[in-house]
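With compact mmCIF, C-alpha atoms inside, this is work_17.txt:
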```
# COMPACT_ATOMS: atom_id res chain seq x y z
CA MET A 20 0.00 0.00 0.00
CA LYS A 21 2.85 2.36 0.85
CA ASN A 22 4.47 1.79 -2.54
CA PHE A 23 1.14 2.42 -4.22
CA LEU A 24 0.79 5.78 -2.44
CA VAL A 25 4.30 6.73 -3.52
CA VAL A 26 3.37 5.99 -7.13
CA ILE A 27 0.24 8.14 -6.79
CA VAL A 28 2.24 11.06 -5.39
CA LEU A 29 4.84 10.81 -8.16
CA PHE A 30 2.07 10.65 -10.76
CA TRP A 31 0.46 13.77 -9.29
CA LEU A 32 3.74 15.68 -9.28
CA THR A 33 4.50 14.84 -12.91
CA ALA A 34 1.04 14.90 -14.47
CA CYS A 35 -1.04 17.44 -12.54
CA SER A 36 0.63 20.61 -13.70
CA THR A 37 -0.79 23.69 -15.38
CA THR A 38 0.31 25.77 -18.31
CA THR A 39 -0.38 29.46 -17.77
CA THR A 40 0.25 32.40 -20.08
CA VAL A 41 -0.27 36.07 -19.27
CA ASP A 42 -0.61 38.85 -21.84
CA GLU A 43 -0.64 42.52 -20.92
CA TYR A 44 -1.58 45.53 -23.01
CA ARG A 45 -1.31 49.18 -21.98
CA SER A 46 -2.59 52.22 -23.81
CA GLY A 47 0.49 54.04 -25.03
CA ASP A 48 -0.56 57.55 -24.02
CA GLN A 49 -2.16 56.61 -20.69
CA LYS A 50 -0.27 56.63 -17.40
CA ILE A 51 -1.32 54.57 -14.39
CA THR A 52 -1.01 56.57 -11.20
CA ILE A 53 -2.55 55.86 -7.81
CA GLY A 54 -2.18 58.19 -4.87
CA ASP A 55 -2.45 57.76 -1.12
CA GLY A 56 -6.03 56.99 -0.22
CA ASP A 57 -7.06 56.10 -3.76
CA ASN A 58 -8.88 52.80 -4.22
CA VAL A 59 -9.39 50.13 -6.85
CA VAL A 60 -12.65 48.23 -7.18
CA LEU A 61 -12.84 44.84 -8.92
CA LEU A 62 -16.13 43.99 -10.59
CA GLY A 63 -17.13 40.78 -12.34
CA ARG A 64 -18.88 41.04 -15.69
CA ARG A 65 -22.44 39.75 -15.57
CA ASP A 66 -25.35 39.56 -17.97
CA SER A 67 -28.99 39.45 -17.01
CA GLY A 68 -29.17 35.89 -18.35
CA ASP A 69 -27.20 32.96 -16.98
CA TYR A 70 -23.68 34.31 -17.49
CA GLU A 71 -21.56 35.80 -14.74
CA THR A 72 -17.93 35.90 -13.76
CA ASP A 73 -17.43 33.81 -10.64
CA ALA A 74 -17.66 36.03 -7.54
CA GLU A 75 -15.13 33.80 -5.74
CA PHE A 76 -12.64 34.43 -8.53
CA VAL A 77 -13.17 38.20 -8.20
CA GLU A 78 -12.54 37.94 -4.45
CA CYS A 79 -9.42 35.83 -5.05
CA VAL A 80 -7.90 38.38 -7.44
CA GLY A 81 -8.78 41.15 -4.99
CA ARG A 82 -6.83 39.43 -2.20
CA LYS A 83 -3.82 39.10 -4.49
CA LEU A 84 -4.02 42.77 -5.47
CA GLN A 85 -4.60 44.19 -1.98
CA GLY A 86 -1.42 45.63 -0.51
CA PRO A 87 0.16 48.59 1.30
CA GLY A 88 0.06 50.75 -1.83
CA VAL A 89 -3.28 49.62 -3.25
CA GLY A 90 -6.64 49.75 -1.50
CA VAL A 91 -9.23 47.33 -2.89
CA LEU A 92 -12.93 47.83 -2.19
CA GLN A 93 -15.17 44.82 -1.73
CA GLU A 94 -17.25 44.15 -4.83
CA GLN A 95 -20.59 43.45 -3.13
CA ASP A 96 -20.31 46.43 -0.77
CA PHE A 97 -19.59 48.73 -3.70
CA MET A 98 -22.44 47.32 -5.76
CA ASP A 99 -24.84 47.76 -2.85
CA ALA A 100 -23.73 51.38 -2.38
CA LEU A 101 -24.44 52.15 -6.04
CA TYR A 102 -27.56 50.01 -6.39
CA PRO A 103 -28.99 49.52 -8.98
CA TRP A 104 -26.41 51.06 -11.32
CA LEU A 105 -24.02 48.10 -11.26
CA GLU A 106 -26.63 45.38 -11.60
CA PRO A 107 -26.38 43.20 -14.77
CA ARG A 108 -29.00 45.17 -16.72
CA THR A 109 -27.62 48.60 -15.90
CA ALA A 110 -23.85 48.13 -15.41
CA PRO A 111 -21.74 50.10 -17.90
CA LYS A 112 -20.21 47.70 -20.42
CA ALA A 113 -18.32 50.44 -22.26
CA LEU A 114 -16.77 53.81 -21.43
CA PRO A 115 -19.47 55.98 -23.09
CA ARG A 116 -22.03 54.50 -20.68
CA MET A 117 -19.61 55.07 -17.76
CA ARG A 118 -19.21 58.71 -18.77
CA ARG A 119 -22.98 59.19 -18.71
CA LEU A 120 -23.22 57.58 -15.27
CA MET A 121 -20.50 59.84 -13.88
CA GLN A 122 -22.54 62.85 -15.02
CA GLU A 123 -25.32 61.79 -12.65
CA PRO A 124 -24.62 63.89 -9.53
CA LEU A 125 -25.41 61.21 -6.94
CA ILE A 126 -23.46 58.46 -8.73
CA GLY A 127 -20.43 60.60 -9.50
CA GLN A 128 -20.29 61.96 -5.95
CA SER A 129 -20.66 58.51 -4.40
CA ILE A 130 -17.73 57.18 -6.45
CA ARG A 131 -15.60 60.21 -5.58
CA ASP A 132 -16.47 59.90 -1.88
CA LYS A 133 -15.14 56.36 -1.91
CA ARG A 134 -11.91 57.58 -3.55
CA VAL A 135 -12.29 55.10 -6.41
CA ARG A 136 -9.61 55.82 -9.01
CA TYR A 137 -9.80 52.61 -11.05
CA PHE A 138 -12.45 50.11 -12.05
CA VAL A 139 -11.07 46.67 -12.93
CA TRP A 140 -13.63 44.64 -14.85
CA LEU A 141 -13.03 40.88 -14.69
CA ASP A 142 -14.54 38.71 -17.39
CA GLY A 143 -14.11 34.99 -17.98
CA ALA A 144 -14.79 31.47 -16.77
CA THR A 145 -13.30 28.08 -15.98
CA LYS A 146 -14.60 25.28 -18.18
CA THR A 147 -14.11 21.56 -18.72
CA ILE A 148 -13.08 21.15 -22.34
CA ASP A 149 -12.49 17.40 -22.68
CA LYS A 150 -13.24 14.18 -20.78
CA ALA A 151 -12.03 10.61 -21.14
CA GLY A 152 -12.23 7.32 -19.24
CA SER A 153 -14.69 6.16 -16.60
CA ILE A 154 -14.94 5.01 -12.98
CA SER A 155 -17.25 2.26 -11.76
CA CYS A 156 -18.06 1.47 -8.15
CA ALA A 157 -19.73 -1.63 -6.78
CA ALA A 158 -20.56 -3.24 -3.44
CA GLY A 159 -20.66 -6.95 -2.68
CA PRO A 160 -20.29 -9.50 0.11
CA GLY A 161 -16.54 -8.94 0.18
CA GLY A 162 -16.79 -5.18 0.45
CA ALA A 163 -17.04 -2.19 -1.85
CA GLY A 164 -14.62 -0.60 -4.25
CA CYS A 165 -14.15 1.63 -7.23
CA PHE A 166 -12.10 0.76 -10.29
CA GLY A 167 -11.17 2.60 -13.43
CA PHE A 168 -9.45 5.75 -14.59
CA ALA A 169 -10.85 9.08 -15.78
CA LYS A 170 -9.32 12.37 -16.77
CA TRP A 171 -10.57 15.76 -17.87
CA ASP A 172 -8.98 18.92 -19.22
CA LYS A 173 -9.92 22.28 -17.73
CA SER A 174 -9.29 25.75 -19.05
CA SER A 175 -9.44 29.07 -17.19
CA ILE A 176 -9.55 32.14 -19.43
CA TYR A 177 -9.99 35.54 -17.80
CA GLU A 178 -9.44 39.14 -18.85
CA ALA A 179 -9.06 42.23 -16.68
CA ILE A 180 -9.90 45.63 -18.20
CA VAL A 181 -8.67 48.64 -16.22
CA TRP A 182 -10.61 51.91 -16.43
CA ASP A 183 -9.22 55.18 -15.07
CA ILE A 184 -12.28 56.80 -13.52
CA GLU A 185 -10.65 60.20 -13.19
CA ASN A 186 -9.86 60.42 -16.90
CA LEU A 187 -12.64 58.03 -17.99
CA SER A 188 -10.29 56.05 -20.20
CA GLU A 189 -9.06 52.49 -20.60
CA VAL A 190 -5.45 52.21 -19.46
CA ALA A 191 -4.65 48.48 -19.51
CA ARG A 192 -5.82 44.96 -20.26
CA VAL A 193 -4.48 41.72 -18.84
CA ARG A 194 -5.46 38.29 -20.14
CA VAL A 195 -4.57 34.99 -18.50
CA ASP A 196 -4.96 31.48 -19.97
CA SER A 197 -4.44 28.51 -17.68
CA GLU A 198 -4.88 24.89 -18.76
CA GLY A 199 -4.35 21.57 -17.05
CA THR A 200 -5.55 17.98 -16.72
CA SER A 201 -7.13 16.42 -13.63
CA TYR A 202 -7.39 12.71 -12.92
CA LEU A 203 -9.59 10.35 -10.93
CA ILE A 204 -8.09 6.94 -10.16
CA GLY A 205 -10.36 4.15 -8.99
CA ALA A 206 -8.31 2.03 -6.58
CA ILE A 207 -10.67 0.69 -3.92
CA ALA A 208 -11.57 4.30 -3.08
CA PRO A 209 -11.64 7.07 -5.72
CA ILE A 210 -8.42 9.10 -5.64
CA PRO A 211 -8.80 12.59 -7.19
CA LEU A 212 -5.69 14.34 -8.50
CA MET A 213 -6.87 17.86 -9.20
CA THR A 214 -5.04 20.47 -11.22
CA PRO A 215 -5.63 23.98 -9.80
CA VAL A 216 -6.09 25.84 -13.08
CA LYS A 217 -8.48 28.37 -11.54
CA ASN A 218 -6.16 29.13 -8.62
CA ASP A 219 -3.22 29.52 -10.98
CA ALA A 220 -5.24 31.90 -13.15
CA CYS A 221 -6.17 33.93 -10.06
CA SER A 222 -2.56 34.12 -8.84
CA SER A 223 -1.20 35.07 -12.26
CA LEU A 224 -3.84 37.73 -12.90
CA GLY A 225 -3.65 39.15 -9.38
CA ASN A 226 0.14 39.34 -9.43
CA GLN A 227 0.17 41.02 -12.83
CA LEU A 228 -2.36 43.63 -11.72
CA SER A 229 -0.37 44.18 -8.54
CA ASN A 230 2.73 44.86 -10.62
CA ILE A 231 0.81 47.35 -12.75
CA PHE A 232 -0.39 49.41 -9.79
CA ASN A 233 2.65 49.08 -7.52
CA ASN A 234 5.02 50.14 -10.30
CA SER A 235 2.86 53.06 -11.36
```

Take the structure in this file and express it as structure tokens.
Amino acid sequence: MKNFLVVIVLFWLTACSTTTTVDEYRSGDQKITIGDGDNVVLLGRRDSGDYETDAEFVECVGRKLQGPGVGVLQEQDFMDALYPWLEPRTAPKALPRMRRLMQEPLIGQSIRDKRVRYFVWLDGATKTIDKAGSISCAAGPGGAGCFGFAKWDKSSIYEAIVWDIENLSEVARVRVDSEGTSYLIGAIAPIPLMTPVKNDACSSLGNQLSNIFNNS
């Protein structure tokens, strides 16, 4: 049994890895500056249908970005303060709509009161893109067990779009692609070997955004 566990660990170390790429684009004539007391708010893109960027992913990126030089406002608190202007049906999906919102006295003043300098819109999802194999479990007089082998490929693709609220302009975009394969081994009990593509995407995107703001 001990040797079997060693084999499983070695298999996990060699097979359950992710491939992550990060691309960054900055507007050539736009500078990113953040002063003392200025804040960044991260917002997940959502449609009024069944599509939304995972709130847990937004929170994860926010934790990575939060630091001594960058204040990050909680998404839900900010949405509640500006209700209903950031709900799926009314949220600005482009800068012209954001400019019109900022012209509304109550909205513009509320954003300024919170010292929000940048909106970071997060858009994307983690999906299973391929599956293979199967696991079967059965119980009998001699006991129960699961046998077989299954694997699936997962892909996390997310994009962050940074808006400068003071200048009402787009200043940067960051895209992260993370892919990996997870496994389920049926050996008496199912043994999952999960590849953390979503966590890797969060870390990569959060670190890249942190570099953007801390080096501003």

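Selection around (-21.8, 59.0, -10.1) with radius 12 Å, counting only C-alpha atoms, yields the residues Ala100, Leu101, Tyr102, Pro103, Trp104, Leu105, Pro111, Arg116, Met117, Arg118, Arg119, Leu120, Met121, Gln122, Glu123, Pro124, Leu125, Ile126, Gly127, Gln128, Ser129, Ile130, Arg131, Asp132, Lys133, Arg134, Val135, Ile184 and Glu185 of chain A.
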
**Request:** Please indicate the distance in Å from atom CA of A:Ile51 to atom CA of A:Ser188, rounded to one decimal place.
**Result:**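 According to the coordinates, atom CA of A:Ile51 and atom CA of A:Ser188 are separated by 10.8 Å.
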
**Message:** Env of A:Ile53: 12 Å cut, atoms = only C-alpha atoms, seq-sep filter 6 positions within chain, self excluded. Answer as a ChimeraX atom specification.
**Reply:** /A:59,87-91,134-137,183-185,229,231-235

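Between atom CA of A:Gly56 and atom CA of A:Leu92 the separation is 11.6 Å.
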
**Request:** Please indicate the distance in Å from atom CA of A:Thr52 to atom CA of A:Pro115, rounded to one decimal place.
**Result:**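 Taking atom CA of A:Thr52 and atom CA of A:Pro115, their separation equals 22.0 Å.
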
**Prompt:** Using only C-alpha atoms, which of the listed residues (A:Lys173, A:Lys217, A:Lys150, A:Arg192) sits closest to A:Arg45?
**Reply:** A:Arg192

Test item: which residues lie within 9 Å of (0.0, 44.8, -23.4) counting all atoms listed in the file, as an mmCIF file with C-alpha atoms, in the frame of the given file:
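The resulting file, result.cif, is shown below:
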```cif
data_model
loop_
_atom_site.group_PDB
_atom_site.id
_atom_site.type_symbol
_atom_site.label_atom_id
_atom_site.label_comp_id
_atom_site.auth_asym_id
_atom_site.auth_seq_id
_atom_site.Cartn_x
_atom_site.Cartn_y
_atom_site.Cartn_z
ATOM 1 C CA ASP A 42 -0.610 38.850 -21.840
ATOM 2 C CA GLU A 43 -0.640 42.520 -20.920
ATOM 3 C CA TYR A 44 -1.580 45.530 -23.010
ATOM 4 C CA ARG A 45 -1.310 49.180 -21.980
ATOM 5 C CA SER A 46 -2.590 52.220 -23.810
ATOM 6 C CA ALA A 191 -4.650 48.480 -19.510
ATOM 7 C CA ARG A 192 -5.820 44.960 -20.260
ATOM 8 C CA VAL A 193 -4.480 41.720 -18.840
#
```

Please build the interface table for stretch 150-192 of chain A against stretch 61-72 of chain A with a cut-off of 10 Å, listing for each qualifying residue the nearest atom pair and the distance in Å to one decimal; count only C-alpha atoms, order rows by chain and increasing number, and write it as a tab-separated table.
```
residue	atom	partner	partner_atom	distance
A:Tyr177	CA	A:Thr72	CA	8.9
A:Ala179	CA	A:Leu61	CA	9.0
A:Ile180	CA	A:Leu61	CA	9.8
A:Val181	CA	A:Leu61	CA	9.2
```

**Item:** For A:Ala113, the nearest of the candidates A:Glu189, A:Asp96, A:Asp219, A:Asp196, counting all atoms listed in the file
**Value:** A:Glu189

**Asked** If you count only C-alpha atoms, which residues fall within 9 Å of A:Asn218, apart from same-chain ones fewer than 3 positions away, as a list in words?
**Response**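 Here the qualifying residues turn out to be Phe76, Cys79, Pro215, Cys221, Ser222 and Ser223 of chain A.
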
Grab the residues selected above and save them as a short mmCIF file (atom, residue, chain, number, x, y, z; two decimals), in the frame of the given file with C-alpha atoms.
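For reference, part_5.cif as written:
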```
data_model
loop_
_atom_site.label_atom_id
_atom_site.label_comp_id
_atom_site.auth_asym_id
_atom_site.auth_seq_id
_atom_site.Cartn_x
_atom_site.Cartn_y
_atom_site.Cartn_z
CA PHE A 76 -12.64 34.43 -8.53
CA CYS A 79 -9.42 35.83 -5.05
CA PRO A 215 -5.63 23.98 -9.80
CA CYS A 221 -6.17 33.93 -10.06
CA SER A 222 -2.56 34.12 -8.84
CA SER A 223 -1.20 35.07 -12.26
#
```

**Item:** Polymer residues at most 9 Å from A:Thr145, all atoms listed in the file, same-chain spacing of 2 or more positions, as a PyMOL selection string
**Value:** chain A and resi 73+143+147+173-177+216-217

Axis-aligned box for stretch 220-235 of chain A, 5 Å per side, centre and edges in Å as JSON:
```
{"center_x": -0.6, "center_y": 42.5, "center_z": -10.3, "size_x": 21.2, "size_y": 31.2, "size_z": 15.6}
```

**Request:** Kindly indicate which residue among A:Trp182, A:Asn58, A:Asp172, A:Thr37 lies nearest to A:Gly86, using all atoms listed in the file for the distances.
**Result:**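 Using all atoms listed in the file, A:Gly86 sits closest to A:Asn58.
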
Assuming the input is short of atoms at stretch 163-177 of chain A, produce N, CA and C atoms for that part as an mmCIF file, in the frame of the given file.
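Below is the file result18.cif, written as the result:
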```cif
data_model
loop_
_atom_site.group_PDB
_atom_site.id
_atom_site.type_symbol
_atom_site.label_atom_id
_atom_site.label_comp_id
_atom_site.auth_asym_id
_atom_site.auth_seq_id
_atom_site.Cartn_x
_atom_site.Cartn_y
_atom_site.Cartn_z
ATOM 1 N N ALA A 163 -16.735 -3.116 -0.762
ATOM 2 C CA ALA A 163 -17.040 -2.190 -1.850
ATOM 3 C C ALA A 163 -15.744 -1.618 -2.396
ATOM 4 N N GLY A 164 -15.814 -1.183 -3.650
ATOM 5 C CA GLY A 164 -14.620 -0.600 -4.250
ATOM 6 C C GLY A 164 -14.941 0.093 -5.547
ATOM 7 N N CYS A 165 -14.030 0.920 -5.971
ATOM 8 C CA CYS A 165 -14.150 1.630 -7.230
ATOM 9 C C CYS A 165 -12.936 1.310 -8.096
ATOM 10 N N PHE A 166 -13.178 1.126 -9.376
ATOM 11 C CA PHE A 166 -12.100 0.760 -10.290
ATOM 12 C C PHE A 166 -12.251 1.550 -11.586
ATOM 13 N N GLY A 167 -11.145 1.887 -12.174
ATOM 14 C CA GLY A 167 -11.170 2.600 -13.430
ATOM 15 C C GLY A 167 -10.238 3.805 -13.404
ATOM 16 N N PHE A 168 -10.332 4.593 -14.445
ATOM 17 C CA PHE A 168 -9.450 5.750 -14.590
ATOM 18 C C PHE A 168 -10.173 6.783 -15.457
ATOM 19 N N ALA A 169 -10.208 8.005 -15.013
ATOM 20 C CA ALA A 169 -10.850 9.080 -15.780
ATOM 21 C C ALA A 169 -9.981 10.323 -15.725
ATOM 22 N N LYS A 170 -10.049 11.103 -16.763
ATOM 23 C CA LYS A 170 -9.320 12.370 -16.770
ATOM 24 C C LYS A 170 -10.140 13.417 -17.513
ATOM 25 N N TRP A 171 -9.885 14.671 -17.196
ATOM 26 C CA TRP A 171 -10.570 15.760 -17.870
ATOM 27 C C TRP A 171 -9.654 16.981 -17.920
ATOM 28 N N ASP A 172 -9.763 17.698 -19.018
ATOM 29 C CA ASP A 172 -8.980 18.920 -19.220
ATOM 30 C C ASP A 172 -9.822 20.122 -18.851
ATOM 31 N N LYS A 173 -9.214 21.062 -18.113
ATOM 32 C CA LYS A 173 -9.920 22.280 -17.730
ATOM 33 C C LYS A 173 -9.144 23.490 -18.224
ATOM 34 N N SER A 174 -9.882 24.526 -18.546
ATOM 35 C CA SER A 174 -9.290 25.750 -19.050
ATOM 36 C C SER A 174 -9.888 26.949 -18.321
ATOM 37 N N SER A 175 -9.013 27.817 -17.813
ATOM 38 C CA SER A 175 -9.440 29.070 -17.190
ATOM 39 C C SER A 175 -8.956 30.224 -18.055
ATOM 40 N N ILE A 176 -9.887 30.977 -18.599
ATOM 41 C CA ILE A 176 -9.550 32.140 -19.430
ATOM 42 C C ILE A 176 -10.248 33.353 -18.826
ATOM 43 N N TYR A 177 -9.440 34.329 -18.414
ATOM 44 C CA TYR A 177 -9.990 35.540 -17.800
ATOM 45 C C TYR A 177 -9.274 36.767 -18.367
#
```
